[in-house]
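Next up, my_file.pdb (PDB, C-alpha atoms):
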ATOM      1  CA  MET H  30       0.627  26.134 -18.410
ATOM      2  CA  CYS H  31       2.155  23.623 -20.795
ATOM      3  CA  LEU H  32       4.660  22.426 -18.209
ATOM      4  CA  ILE H  33       1.878  21.392 -15.858
ATOM      5  CA  SER H  34      -0.168  19.727 -18.571
ATOM      6  CA  MET H  35       2.725  17.515 -19.617
ATOM      7  CA  ALA H  36       3.205  16.148 -16.059
ATOM      8  CA  PRO H  37       0.712  13.254 -16.423
ATOM      9  CA  CYS H  38       2.503  12.109 -19.593
ATOM     10  CA  VAL H  39       5.844  12.120 -17.798
ATOM     11  CA  LEU H  40       4.489  10.193 -14.811
ATOM     12  CA  LYS H  41       2.744   7.676 -17.061
ATOM     13  CA  LYS H  42       6.108   6.666 -18.496
ATOM     14  CA  TYR H  43       8.091   6.887 -15.276
ATOM     15  CA  SER H  44       7.055   6.750 -11.633
ATOM     16  CA  LYS H  45       8.890   6.742  -8.326
ATOM     17  CA  GLY H  46       5.718   6.529  -6.279
ATOM     18  CA  GLN H  47       5.058  10.239  -6.876
ATOM     19  CA  HIS H  48       1.596  11.728  -7.283
ATOM     20  CA  LEU H  49       1.441  15.452  -8.041
ATOM     21  CA  LEU H  50      -0.875  17.568  -5.899
ATOM     22  CA  THR H  51      -2.703  20.031  -8.158
ATOM     23  CA  ASN H  52      -5.243  21.695  -5.840
ATOM     24  CA  GLN H  53      -3.972  25.249  -5.289
ATOM     25  CA  ARG H  54      -6.044  25.755  -2.129
ATOM     26  CA  ILE H  55      -4.456  22.730  -0.466
ATOM     27  CA  LEU H  56      -0.987  23.795  -1.599
ATOM     28  CA  ASP H  57      -1.557  27.229  -0.036
ATOM     29  CA  THR H  58      -2.734  25.598   3.204
ATOM     30  CA  ILE H  59       0.410  23.433   3.377
ATOM     31  CA  VAL H  60       2.637  26.505   2.958
ATOM     32  CA  ARG H  61       0.629  28.488   5.518
ATOM     33  CA  LYS H  62       0.662  25.696   8.120
ATOM     34  CA  SER H  63       4.424  25.341   7.688
ATOM     35  CA  ALA H  64       4.898  28.834   9.179
ATOM     36  CA  ILE H  65       7.730  29.752   6.804
ATOM     37  CA  GLU H  66       9.740  32.841   7.685
ATOM     38  CA  PRO H  67      11.250  35.038   4.927
ATOM     39  CA  THR H  68      14.765  34.092   6.122
ATOM     40  CA  ASP H  69      14.120  30.310   6.258
ATOM     41  CA  THR H  70      15.882  27.639   4.237
ATOM     42  CA  VAL H  71      13.429  24.927   3.180
ATOM     43  CA  LEU H  72      14.096  21.375   2.021
ATOM     44  CA  GLU H  73      11.600  19.818  -0.401
ATOM     45  CA  ILE H  74      11.781  16.115  -1.266
ATOM     46  CA  GLY H  75      10.237  14.898  -4.506
ATOM     47  CA  PRO H  76       9.126  18.276  -5.926
ATOM     48  CA  GLY H  77       7.910  16.752  -9.194
ATOM     49  CA  THR H  78       6.882  19.528 -11.605
ATOM     50  CA  GLY H  79       7.138  22.235  -8.934
ATOM     51  CA  ASN H  80       3.517  22.902  -7.949
ATOM     52  CA  LEU H  81       4.568  23.235  -4.312
ATOM     53  CA  THR H  82       8.098  24.431  -5.054
ATOM     54  CA  VAL H  83       6.966  27.703  -6.653
ATOM     55  CA  LYS H  84       4.948  28.610  -3.560
ATOM     56  CA  LEU H  85       7.888  27.717  -1.290
ATOM     57  CA  LEU H  86      10.200  29.932  -3.361
ATOM     58  CA  GLU H  87       7.810  32.853  -2.878
ATOM     59  CA  ALA H  88       7.752  32.383   0.926
ATOM     60  CA  ALA H  89      11.318  31.334   1.802
ATOM     61  CA  SER H  90      14.805  32.693   1.329
ATOM     62  CA  LYS H  91      16.232  29.447  -0.075
ATOM     63  CA  VAL H  92      14.779  26.125  -1.250
ATOM     64  CA  PHE H  93      16.723  22.900  -1.719
ATOM     65  CA  ALA H  94      14.758  20.424  -3.858
ATOM     66  CA  ILE H  95      15.828  16.774  -4.012
ATOM     67  CA  GLU H  96      14.590  15.099  -7.218
ATOM     68  CA  ILE H  97      15.974  11.955  -8.875
ATOM     69  CA  ASP H  98      14.055  12.154 -12.181
ATOM     70  CA  SER H  99      15.941  14.256 -14.750
ATOM     71  CA  ARG H 100      12.737  15.082 -16.675
ATOM     72  CA  MET H 101      11.145  16.467 -13.520
ATOM     73  CA  VAL H 102      14.296  18.486 -12.839
ATOM     74  CA  GLU H 103      14.070  20.047 -16.320
ATOM     75  CA  ILE H 104      10.444  21.088 -15.769
ATOM     76  CA  LEU H 105      11.290  22.377 -12.285
ATOM     77  CA  ASP H 106      14.151  24.559 -13.563
ATOM     78  CA  LYS H 107      11.937  26.045 -16.297
ATOM     79  CA  ARG H 108       9.161  26.916 -13.856
ATOM     80  CA  ALA H 109      11.613  28.561 -11.457
ATOM     81  CA  LEU H 110      13.072  30.561 -14.353
ATOM     82  CA  GLU H 111       9.632  31.669 -15.535
ATOM     83  CA  SER H 112       8.715  32.806 -12.014
ATOM     84  CA  GLY H 113      11.980  34.776 -11.719
ATOM     85  CA  LEU H 114      12.970  32.940  -8.523
ATOM     86  CA  GLN H 115      15.680  30.676  -9.925
ATOM     87  CA  ASP H 116      18.312  32.255  -7.633
ATOM     88  CA  ARG H 117      16.499  30.882  -4.588
ATOM     89  CA  LEU H 118      16.321  27.306  -5.910
ATOM     90  CA  THR H 119      18.984  24.610  -5.686
ATOM     91  CA  VAL H 120      18.087  21.247  -7.183
ATOM     92  CA  ILE H 121      19.870  18.147  -5.847
ATOM     93  CA  ARG H 122      19.512  15.321  -8.356
ATOM     94  CA  LYS H 123      19.981  12.347  -6.046
ATOM     95  CA  ASP H 124      18.068   9.644  -4.219
ATOM     96  CA  ALA H 125      16.635  11.287  -1.091
ATOM     97  CA  LEU H 126      17.502   8.239   1.024
ATOM     98  CA  LYS H 127      21.164   8.443  -0.002
ATOM     99  CA  ALA H 128      21.661  12.199  -0.323
ATOM    100  CA  GLU H 129      23.204  14.301   2.449
ATOM    101  CA  PHE H 130      20.735  16.946   3.582
ATOM    102  CA  PRO H 131      22.002  20.557   3.690
ATOM    103  CA  LEU H 132      21.593  22.864   6.662
ATOM    104  CA  LEU H 133      17.935  23.863   6.800
ATOM    105  CA  ASP H 134      15.168  25.312   8.922
ATOM    106  CA  LEU H 135      12.101  23.488   7.606
ATOM    107  CA  VAL H 136      11.104  20.451   5.587
ATOM    108  CA  VAL H 137       7.990  20.745   3.393
ATOM    109  CA  ALA H 138       7.374  17.820   1.080
ATOM    110  CA  ASN H 139       4.932  15.595  -0.771
ATOM    111  CA  ILE H 140       6.839  12.405  -0.016
ATOM    112  CA  PRO H 141       6.661   9.514  -2.510
ATOM    113  CA  TYR H 142       4.604   6.749  -0.864
ATOM    114  CA  ASN H 143       7.188   4.022  -1.413
ATOM    115  CA  ILE H 144       9.894   5.722   0.691
ATOM    116  CA  SER H 145       7.766   7.251   3.463
ATOM    117  CA  SER H 146       8.956   5.064   6.352
ATOM    118  CA  PRO H 147      12.753   5.194   5.774
ATOM    119  CA  LEU H 148      12.566   8.891   4.905
ATOM    120  CA  VAL H 149      10.702   9.813   8.095
ATOM    121  CA  ALA H 150      13.250   7.785  10.079
ATOM    122  CA  LYS H 151      16.111   9.613   8.343
ATOM    123  CA  LEU H 152      14.577  12.980   9.193
ATOM    124  CA  VAL H 153      13.806  12.387  12.879
ATOM    125  CA  PHE H 154      16.903  10.319  13.727
ATOM    126  CA  GLY H 155      19.369  11.994  11.370
ATOM    127  CA  PRO H 156      22.009  14.567  12.308
ATOM    128  CA  ILE H 157      20.291  17.518  10.600
ATOM    129  CA  GLN H 158      18.383  19.856  12.932
ATOM    130  CA  PHE H 159      15.154  21.471  11.731
ATOM    131  CA  ARG H 160      12.227  23.359  13.242
ATOM    132  CA  SER H 161       9.447  21.294  11.705
ATOM    133  CA  ALA H 162       8.630  18.971   8.816
ATOM    134  CA  THR H 163       5.287  19.354   7.017
ATOM    135  CA  LEU H 164       4.727  16.138   5.111
ATOM    136  CA  LEU H 165       2.018  14.913   2.755
ATOM    137  CA  LEU H 166       1.799  11.165   3.387
ATOM    138  CA  GLN H 167      -0.406   8.236   2.530
ATOM    139  CA  LYS H 168      -3.400   8.392   4.894
ATOM    140  CA  GLU H 169      -2.882   4.895   6.296
ATOM    141  CA  PHE H 170       0.792   5.658   6.979
ATOM    142  CA  ALA H 171      -0.147   8.951   8.669
ATOM    143  CA  ARG H 172      -2.630   7.102  10.927
ATOM    144  CA  ARG H 173       0.120   4.712  11.974
ATOM    145  CA  LEU H 174       2.428   7.662  12.640
ATOM    146  CA  LEU H 175      -0.242   9.331  14.818
ATOM    147  CA  ALA H 176      -1.258   6.160  16.698
ATOM    148  CA  LYS H 177      -1.369   6.304  20.492
ATOM    149  CA  PRO H 178      -0.988   3.505  23.104
ATOM    150  CA  GLY H 179      -4.192   1.485  23.115
ATOM    151  CA  ASP H 180      -5.015   2.178  19.456
ATOM    152  CA  SER H 181      -5.284  -0.798  17.117
ATOM    153  CA  GLU H 182      -2.747   0.899  14.787
ATOM    154  CA  PHE H 183      -0.175   1.408  17.577
ATOM    155  CA  ASN H 184       3.178   0.309  16.142
ATOM    156  CA  ARG H 185       6.941   0.543  16.371
ATOM    157  CA  LEU H 186       7.157   3.545  14.025
ATOM    158  CA  ALA H 187       4.852   5.616  16.266
ATOM    159  CA  VAL H 188       6.814   4.665  19.390
ATOM    160  CA  ASN H 189      10.173   5.556  17.885
ATOM    161  CA  VAL H 190       9.039   8.873  16.362
ATOM    162  CA  THR H 191       7.162   9.930  19.518
ATOM    163  CA  LEU H 192      10.351   9.485  21.521
ATOM    164  CA  VAL H 193      12.054  12.357  19.707
ATOM    165  CA  ALA H 194       9.259  14.389  18.101
ATOM    166  CA  ASP H 195       5.634  15.509  18.314
ATOM    167  CA  VAL H 196       3.319  14.707  15.407
ATOM    168  CA  GLU H 197       0.281  16.836  14.534
ATOM    169  CA  HIS H 198      -2.463  15.968  12.062
ATOM    170  CA  VAL H 199      -3.336  18.919   9.817
ATOM    171  CA  MET H 200      -5.870  17.630   7.295
ATOM    172  CA  ASP H 201      -6.851  14.796   4.973
ATOM    173  CA  VAL H 202      -6.494  15.121   1.198
ATOM    174  CA  SER H 203      -8.674  13.210  -1.280
ATOM    175  CA  LYS H 204      -6.958  11.036  -3.873
ATOM    176  CA  ARG H 205      -8.866  12.968  -6.556
ATOM    177  CA  GLU H 206      -6.607  15.988  -5.949
ATOM    178  CA  PHE H 207      -3.558  14.194  -7.413
ATOM    179  CA  VAL H 208      -2.213  13.470 -10.893
ATOM    180  CA  PRO H 209      -2.033  10.589 -11.557
ATOM    181  CA  CYS H 210      -4.827   9.593  -9.168
ATOM    182  CA  PRO H 211      -3.521   7.154  -6.514
ATOM    183  CA  LYS H 212      -5.577   4.307  -5.056
ATOM    184  CA  VAL H 213      -5.697   5.807  -1.543
ATOM    185  CA  ASP H 214      -6.251   9.155   0.165
ATOM    186  CA  SER H 215      -3.494  11.183   1.806
ATOM    187  CA  SER H 216      -2.972  13.227   4.973
ATOM    188  CA  VAL H 217      -0.856  16.236   5.906
ATOM    189  CA  VAL H 218       1.072  15.974   9.176
ATOM    190  CA  ILE H 219       3.621  18.191  10.913
ATOM    191  CA  ILE H 220       6.565  16.649  12.776
ATOM    192  CA  ARG H 221       8.227  18.904  15.345
ATOM    193  CA  PRO H 222      11.417  17.650  17.009
ATOM    194  CA  LYS H 223      11.278  17.827  20.801
ATOM    195  CA  ALA H 224      13.528  20.314  22.582
ATOM    196  CA  GLN H 225      14.314  17.741  25.262
ATOM    197  CA  VAL H 226      14.909  14.151  24.161
ATOM    198  CA  PRO H 227      15.129  11.341  26.756
ATOM    199  CA  ASP H 228      18.699  10.358  27.530
ATOM    200  CA  VAL H 229      18.657   6.825  26.116
ATOM    201  CA  ASN H 230      21.004   4.821  23.956
ATOM    202  CA  MET H 231      19.264   4.892  20.571
ATOM    203  CA  GLU H 232      20.718   1.571  19.427
ATOM    204  CA  GLU H 233      19.422  -0.117  22.560
ATOM    205  CA  TRP H 234      16.050   1.634  22.224
ATOM    206  CA  LEU H 235      15.619   0.595  18.579
ATOM    207  CA  ALA H 236      16.598  -2.969  19.466
ATOM    208  CA  PHE H 237      14.045  -2.934  22.295
ATOM    209  CA  THR H 238      11.184  -1.697  20.077
ATOM    210  CA  ARG H 239      12.198  -4.165  17.375
ATOM    211  CA  THR H 240      11.793  -6.954  19.916
ATOM    212  CA  CYS H 241       8.446  -5.620  21.174
ATOM    213  CA  PHE H 242       6.870  -5.117  17.745
ATOM    214  CA  GLY H 243       8.841  -7.610  15.667
ATOM    215  CA  PRO H 244       7.913 -11.212  14.812
ATOM    216  CA  TYR H 245       8.693 -12.386  18.393
ATOM    217  CA  ALA H 246      12.396 -12.738  17.566
ATOM    218  CA  PHE H 247      14.896 -12.427  20.387
ATOM    219  CA  VAL H 248      17.585  -9.824  19.740
ATOM    220  CA  GLN H 249      20.792 -10.182  21.675
ATOM    221  CA  TYR H 250      22.662  -6.986  22.439
ATOM    222  CA  VAL H 251      26.069  -6.587  24.019
ATOM    223  CA  PRO H 252      27.137  -2.982  24.805
ATOM    224  CA  GLY H 253      29.800  -1.865  22.392
ATOM    225  CA  GLU H 254      28.932  -4.450  19.743
ATOM    226  CA  PRO H 255      26.684  -3.984  16.679
ATOM    227  CA  ILE H 256      23.064  -5.054  16.968
ATOM    228  CA  LEU H 257      22.355  -8.344  15.238
ATOM    229  CA  PRO H 258      19.552  -8.361  12.654
ATOM    230  CA  ASN H 259      16.186  -9.948  13.342
ATOM    231  CA  ARG H 260      15.955 -13.701  12.734
ATOM    232  CA  PRO H 261      12.210 -14.385  12.564
ATOM    233  CA  ASN H 262      12.755 -18.136  12.013
ATOM    234  CA  GLU H 263      14.673 -18.532  15.242
ATOM    235  CA  GLY H 264      13.974 -17.756  18.864
ATOM    236  CA  SER H 265      10.910 -17.870  21.041
ATOM    237  CA  VAL H 266       8.508 -20.727  21.643
ATOM    238  CA  LYS H 267       5.666 -18.315  20.977
ATOM    239  CA  ARG H 268       6.912 -17.775  17.437
ATOM    240  CA  ARG H 269       7.255 -21.525  16.793
ATOM    241  CA  ASN H 270       3.766 -22.177  18.173
ATOM    242  CA  GLU H 271       2.400 -19.427  15.958
ATOM    243  CA  LYS H 272       4.022 -20.990  12.885
ATOM    244  CA  LYS H 273       2.668 -24.409  13.867
ATOM    245  CA  ARG H 274      -0.852 -22.988  14.310
ATOM    246  CA  ILE H 275      -0.658 -21.358  10.860
ATOM    247  CA  ARG H 276       0.640 -24.588   9.319
ATOM    248  CA  LEU H 277      -2.196 -26.633  10.858
ATOM    249  CA  ARG H 278      -4.753 -24.064   9.765
ATOM    250  CA  LEU H 279      -3.488 -24.168   6.181
ATOM    251  CA  ALA H 280      -3.540 -27.979   6.244
ATOM    252  CA  PHE H 281      -7.154 -27.934   7.503
ATOM    253  CA  ILE H 282      -8.187 -25.481   4.772
ATOM    254  CA  SER H 283      -6.491 -27.627   2.129
ATOM    255  CA  SER H 284      -8.226 -30.757   3.459
ATOM    256  CA  GLU H 285     -11.612 -29.034   3.407
ATOM    257  CA  LYS H 286     -11.017 -27.925  -0.181
ATOM    258  CA  ARG H 287     -10.218 -31.497  -1.261
ATOM    259  CA  LYS H 288     -13.285 -32.805   0.606
ATOM    260  CA  ARG H 289     -15.538 -30.225  -0.989
ATOM    261  CA  LYS H 290     -14.091 -30.985  -4.428
ATOM    262  CA  ALA H 291     -14.800 -34.714  -3.947
ATOM    263  CA  GLU H 292     -18.376 -33.974  -2.846
ATOM    264  CA  VAL H 293     -18.982 -31.784  -5.901
ATOM    265  CA  GLN H 294     -17.579 -34.457  -8.222
ATOM    266  CA  GLU H 295     -19.769 -37.157  -6.623
ATOM    267  CA  ALA H 296     -22.845 -34.944  -6.964
ATOM    268  CA  LYS H 297     -22.042 -34.356 -10.636
ATOM    269  CA  ARG H 298     -21.581 -38.126 -11.194
ATOM    270  CA  LYS H 299     -24.964 -38.938  -9.628
ATOM    271  CA  LYS H 300     -26.620 -36.192 -11.645
ATOM    272  CA  ASN H 301     -25.157 -37.573 -14.871
ATOM    273  CA  ILE H 302     -26.296 -41.123 -13.963
ATOM    274  CA  LYS H 303     -29.865 -39.935 -13.372
ATOM    275  CA  LYS H 304     -29.788 -38.033 -16.658
ATOM    276  CA  ILE H 305     -28.689 -41.184 -18.531
ATOM    277  CA  GLU H 306     -31.336 -43.277 -16.766
ATOM    278  CA  ARG H 307     -34.042 -40.824 -17.819
ATOM    279  CA  LYS H 308     -32.850 -40.974 -21.422
ATOM    280  CA  MET H 309     -32.795 -44.801 -21.381
ATOM    281  CA  ALA H 310     -36.308 -44.898 -19.893
ATOM    282  CA  ALA H 311     -37.533 -42.547 -22.610
ATOM    283  CA  VAL H 312     -35.980 -44.760 -25.300
ATOM    284  CA  ALA H 313     -37.572 -47.855 -23.736
ATOM    285  CA  ARG H 314     -40.984 -46.194 -23.689
ATOM    286  CA  GLU H 315     -40.623 -45.216 -27.316
ATOM    287  CA  ARG H 316     -39.726 -48.799 -28.283
ATOM    288  CA  GLU H 317     -42.681 -50.169 -26.304
ATOM    289  CA  TRP H 318     -45.100 -47.784 -27.993
ATOM    290  CA  ALA H 319     -43.616 -48.663 -31.376
ATOM    291  CA  GLN H 320     -44.166 -52.395 -30.697
ATOM    292  CA  LYS H 321     -47.761 -51.768 -29.586
ATOM    293  CA  LEU H 322     -48.426 -49.685 -32.687
ATOM    294  CA  ALA H 323     -47.019 -52.414 -34.925
ATOM    295  CA  GLU H 324     -49.215 -54.997 -33.155
ATOM    296  CA  LEU H 325     -52.332 -52.860 -33.649
ATOM    297  CA  GLN H 326     -51.540 -52.416 -37.333
ATOM    298  CA  ARG H 327     -51.095 -56.193 -37.753
ATOM    299  CA  LEU H 328     -54.440 -56.883 -36.039
ATOM    300  CA  GLU H 329     -56.170 -54.291 -38.235
ATOM    301  CA  GLU H 330     -54.789 -55.904 -41.381
ATOM    302  CA  GLU H 331     -55.920 -59.393 -40.244
ATOM    303  CA  LYS H 332     -59.408 -58.038 -39.538
ATOM    304  CA  LYS H 333     -59.628 -56.566 -43.023
ATOM    305  CA  LYS H 334     -58.571 -59.864 -44.612
ATOM    306  CA  SER H 335     -61.139 -61.867 -42.607
ATOM    307  CA  THR H 336     -63.987 -59.553 -43.608
ATOM    308  CA  ALA H 337     -62.950 -59.684 -47.219
TER
END
Take the structure in this file and express it as structure tokens.
Amino acid sequence: MCLISMAPCVLKKYSKGQHLLTNQRILDTIVRKSAIEPTDTVLEIGPGTGNLTVKLLEAASKVFAIEIDSRMVEILDKRALESGLQDRLTVIRKDALKAEFPLLDLVVANIPYNISSPLVAKLVFGPIQFRSATLLLQKEFARRLLAKPGDSEFNRLAVNVTLVADVEHVMDVSKREFVPCPKVDSSVVIIRPKAQVPDVNMEEWLAFTRTCFGPYAFVQYVPGEPILPNRPNEGSVKRRNEKKRIRLRLAFISSEKRKRKAEVQEAKRKKNIKKIERKMAAVAREREWAQKLAELQRLEEEKKKSTA
């Protein structure tokens, strides 16, 4: 189809971190794993040229697609019209981080890599209720999202998301399945909000995890007052000691570089001196041989004169 073939040209000129998935088998698997009912309303974020959107339109009753690029929106509308499913599609031309999400049942999306973290936070901590979110994410980000206590990748994002939702790994997707080809592989995960969420103050919880996983900055919190932002240059002794250790390490590395540079320069100087000495010795030998040759010639001439 001409609309699909022109997608790489569009993305070459303009990119919002989007990479279009073109493998039909993987697209079908994403739709199947999402467990879409015929009466469901689905939200898709970053539909691009509509490779996934067309399949969602065939499975769901209504699809809301949030796309900020007007050229992508034009291609998306044409594909929906050609498939005869334009009545089921509503395109929201806004930034997904700023747009208000409509009422929905499911989220199925190939999320742009550069907004993965804030977008996941908006979904799981936002006011909109949904049954599940099937997301295609950067593989490294998905690993962080799936990290468990004790894992080397365990992080604040995993702690916060696990508090309110369960995350399931579905499959990995090679970077070769995308246009344009990204530098890293991707993974499909499903986020399912928990039916029972612990009764905690979310502002206090987020402040607590920020302190645990942040740059050792102390966050003061007074009930009823807004949480102050992190100040990584202030606070704990541990942070100051860490900065001092880094500063000393950098100073040591710089000193070693200067020392090594001086050693290399001295070695080059000695090498040049030896080279000059060899040349001077060669010149001296040539002069000595020239003098000896001249002396032999003089003696030969004197011998000839005496015999004559």
Might you pull out every residue within 6 Å of stretch 219-225 of chain H, with all atoms listed in the file counted and same-chain residues fewer than 3 positions away left off, and present them as an mmCIF file with C-alpha atoms, in the frame of the given file?
data_model
loop_
_atom_site.group_PDB
_atom_site.id
_atom_site.type_symbol
_atom_site.label_atom_id
_atom_site.label_comp_id
_atom_site.auth_asym_id
_atom_site.auth_seq_id
_atom_site.Cartn_x
_atom_site.Cartn_y
_atom_site.Cartn_z
ATOM 1 C CA SER H 161 9.447 21.294 11.705
ATOM 2 C CA ALA H 162 8.630 18.971 8.816
ATOM 3 C CA THR H 163 5.287 19.354 7.017
ATOM 4 C CA VAL H 193 12.054 12.357 19.707
ATOM 5 C CA ALA H 194 9.259 14.389 18.101
ATOM 6 C CA ASP H 195 5.634 15.509 18.314
ATOM 7 C CA VAL H 196 3.319 14.707 15.407
ATOM 8 C CA GLU H 197 0.281 16.836 14.534
#
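Distances from H:Leu132, H:Ile140, H:Ala236, H:Met231 to H:Gln158 were compared using all atoms listed in the file, and the smallest one belongs to H:Leu132.
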Practice item. Determine the residue set returned by the PyMOL selection byres ((chain H and resi 200-204) around 9) for the present structure, and present it as a list in words. Key: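 Applying the PyMOL selection byres ((chain H and resi 200-204) around 9) to the structure shown produces Ile55, Leu165, Lys168, His198, Val199, Arg205, Glu206, Phe207, Val208, Cys210, Pro211, Lys212, Val213, Asp214, Ser215, Ser216, Val217 and Val218 of chain H.
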Exercise for review: Do a neighbour search on H:Phe242 at 7 Å with all atoms listed in the file, toss out local chain neighbours closer than 2 positions, and write the hits as a ChimeraX atom specification.
Suggested key: /H:184-185,238-240,244
**Study point:** Contacts of H:Leu72 within 12 Å, only C-alpha atoms, excl. fewer than 3 positions in-chain, as a ChimeraX atom specification
**Key:** /H:63,65,69,75-76,81-82,85-86,89-96,117-121,125,129-140,152,157-164
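What separates atom CA of H:Arg61 from atom CA of H:Ala187 is a distance of 25.6 Å.
Using all atoms listed in the file, the smallest distance between any of H:Gly79, H:Ala176, H:Gln47, H:Leu56 and H:Leu110 comes from H:Gly79.
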Revision key, fill the gap. re atom CA of H:His48 and atom CA of H:Lys127: distance 21.1 Å
Check your understanding: What does the distance between atom CA of H:Asp98 and atom CA of H:Thr78 come to in Å, to one decimal place?
Key ->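 The value is 10.3 Å.
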If you take every atom of stretch 93-104 of chain H that the file lists and fit an axis-aligned box around them with 6 Å extra on each side, what centre and edge lengths come out in Å to one decimal, as JSON?
{"center_x": 13.6, "center_y": 17.4, "center_z": -9.2, "size_x": 18.3, "size_y": 22.9, "size_z": 27.0}
Check your understanding: Could you name the residues that touch H:Ser146 at 12 Å or less, counting all atoms listed in the file, but leaving out those on the same chain fewer than 2 positions away, as a list in words?
Key -> Leu126, Ile140, Pro141, Tyr142, Asn143, Ile144, Leu148, Val149, Ala150, Lys151, Leu152, Val153, Leu164, Leu166, Gln167, Glu169, Phe170, Ala171, Arg173, Leu174, Arg185, Leu186, Ala187, Asn189 and Val190 of chain H
